[in-house]
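Just below is one structure, and these are the notes that go with it.
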Amino acid sequence: MAKKIRAYIKLQIPAGKATPAPPIGPALGQHGVAIMNFCKEYNERTADMAGQVVPVVITVFEDRSFTFITKTPPAAEMIRQAAGIDKGATNVKTETAGQVSRDQIREIAEAKMPDINAVDIEGAMLQIEGTARSMGVKIVD
Amino acid sequence: MVDQHKAPDGRWVELSVAVDSEAVEPVSELMSRHAYGQGVAVYEQYQQDPDGDNLAPDPTRPVTVVAYLPLNQETEQKVGRIEEGLWHLRYLGEIGELERAERPEEDWANAWKEHFQVLRIGERFVIRPTWREYEPVAGDLVIDLDPGMAFGTGHHPTTELCLRWMEEVPVAGKRVLDVGAGSGILSIAAILLDAQSVHAVEIDEVAARALRENLDMNRVGESVLVSVGDFSKTGTGGERYDLVIANIISSVLTRLATPICEAVDDRGQLLLSGVIEQHIDQVRATFTAEGMKVIEERQQGDWIAMLLERNA
């Protein structure tokens, strides 16, 4: 019989750098998971992705054991790579951090489709565009 | 490792905002830019059958994005930036008001303890959480443990592999080095197996506090020397040991390979743990290049531990 699930928890945290500090501590502690066990697992399993923020979905079972799977990098990470920048603008009203083409937006949207809530590619592109704008990244045709 | 300097009193501000599923990515990105350690938690709403089966996301209900800031002089400025960013993102979809609550560390640091039970490992070891009762039987080696925010509850395969192996290799009368001691579970185990002495090394201050407390609780503090620091810089100062144990993770084991191997006596043994299958070739190659040879490897799930000796 499959183990009964208590919760799914989604976190976005830098690869290889999990610590019991927030958001991991509060997210897992409330479900009774031994926080350091998760940190060790996550750090060992994401060591090859160092430098990236890696989303992870943790399944917590009723006996407080857990498993997790890592997902595609956040759109922001992909946008930064596409634009060739290290970070977004500090003030999006006055600064432009870089630019990406609409084709690049489509590529990112296609890569992200399995992990985001969008009914079609146009909906996914809209979300990616929104993320790009929130980072001060301009979209050009 | 809890960064005590960021939240000096262990007080944090929890910021949460309910958003449409379309806005989850950009809002997460915005909050992670200002959040502690760039981390965010995303809580989807779930629907479940009345009997508790078939838990599945409910896409019709809003998602909550949560981030944390340490409560210090920069908190208000960062909250202001997040609020401003949310205002800009509201054209994307429904984005609620930013809610804030103060959360002390104790809220979560102890929550998991309720589910930490007495655990028997191998032939003789019994891990007793300090808040549980246990009546030992003849031959038991009981480790009283409150790991706090340190690794090493005994519930992880990497620790279990080490404890089981320690029951088999010669420990009695030996000088033992425990690199990355965490809660101190393996150091205490070594003393219970009649090691002559143990040197426990830990990089993290918070873990080291738990380590010292556990040593005292088990009345083995006098037999264990504790060093707090980065082993890649400190090494052992030329001291060598009969048994060196390192249950960390592969990237750290690889980084510390030279000082770890230097600490193994000519006829000593090295027990490595904390490596998943995917990384084992790299770890094996690194330690072999340091003049060690693998005697045996053992696996639990996809976690591998290995016993090594110095090449003759």
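Labels for the structure tokens follow display order: chains A, B, ..., residues from 1 in each chain, ligands from 1.
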(request) Write out as a ChimeraX atom specification the residues lying within 6 Å of region 28-34 of chain A, counting only C-alpha atoms and excluding same-chain residues fewer than 6 positions away. (result) /A:64 /B:108,111-112
Go ahead and save the picked residues with C-alpha atoms, as a compact mmCIF listing (two decimals), in the first residue's frame.
# COMPACT_ATOMS: atom_id res chain seq x y z
CA ARG A 64 7.22 12.22 8.47
CA TRP B 108 9.92 25.48 13.78
CA ALA B 111 8.36 21.08 15.84
CA TRP B 112 9.80 17.88 14.34
Exercise answer, chain B residues close to chain A, 6 Å and only C-alpha atoms, as a compact mmCIF listing (two decimals) with C-alpha atoms, in the first residue's frame:
# COMPACT_ATOMS: atom_id res chain seq x y z
CA MET B 1 23.69 26.42 9.36
CA VAL B 2 21.53 29.15 10.90
CA PRO B 26 7.26 36.58 -11.18
CA GLY B 39 14.65 31.21 -0.73
CA VAL B 40 10.87 31.18 -1.16
CA ALA B 41 8.20 28.65 -0.28
CA VAL B 42 5.21 28.21 -2.58
CA TRP B 108 9.92 25.48 13.78
CA ALA B 111 8.36 21.08 15.84
CA TRP B 112 9.80 17.88 14.34
CA PHE B 151 22.74 16.75 11.38
CA ILE B 249 28.45 15.17 1.48
Find the spatial neighbours of Thr158 (chain B), counting only C-alpha atoms, within a cut-off of 12 Å - ignore same-chain residues fewer than 2 positions away - and output them as a PyMOL selection string.
(chain A and resi 37+40-41+44) or (chain B and resi 151-156+160-165+185-186+245-250+271-276+298-306)
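Considering the residues B:Arg209, B:Arg132, B:Arg310, B:Arg240 and counting only C-alpha atoms, Lys174 (chain B) has its shortest atom-to-atom contact with B:Arg240.
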Q. Looking only at the backbone, which of the residues in region 10-107 of chain B does DSSP tag as strand (DSSP E or B), as an NGL selection string?
A. :B and (11-19 or 40-43 or 46-47 or 56-57 or 63-70 or 95 or 99-104)
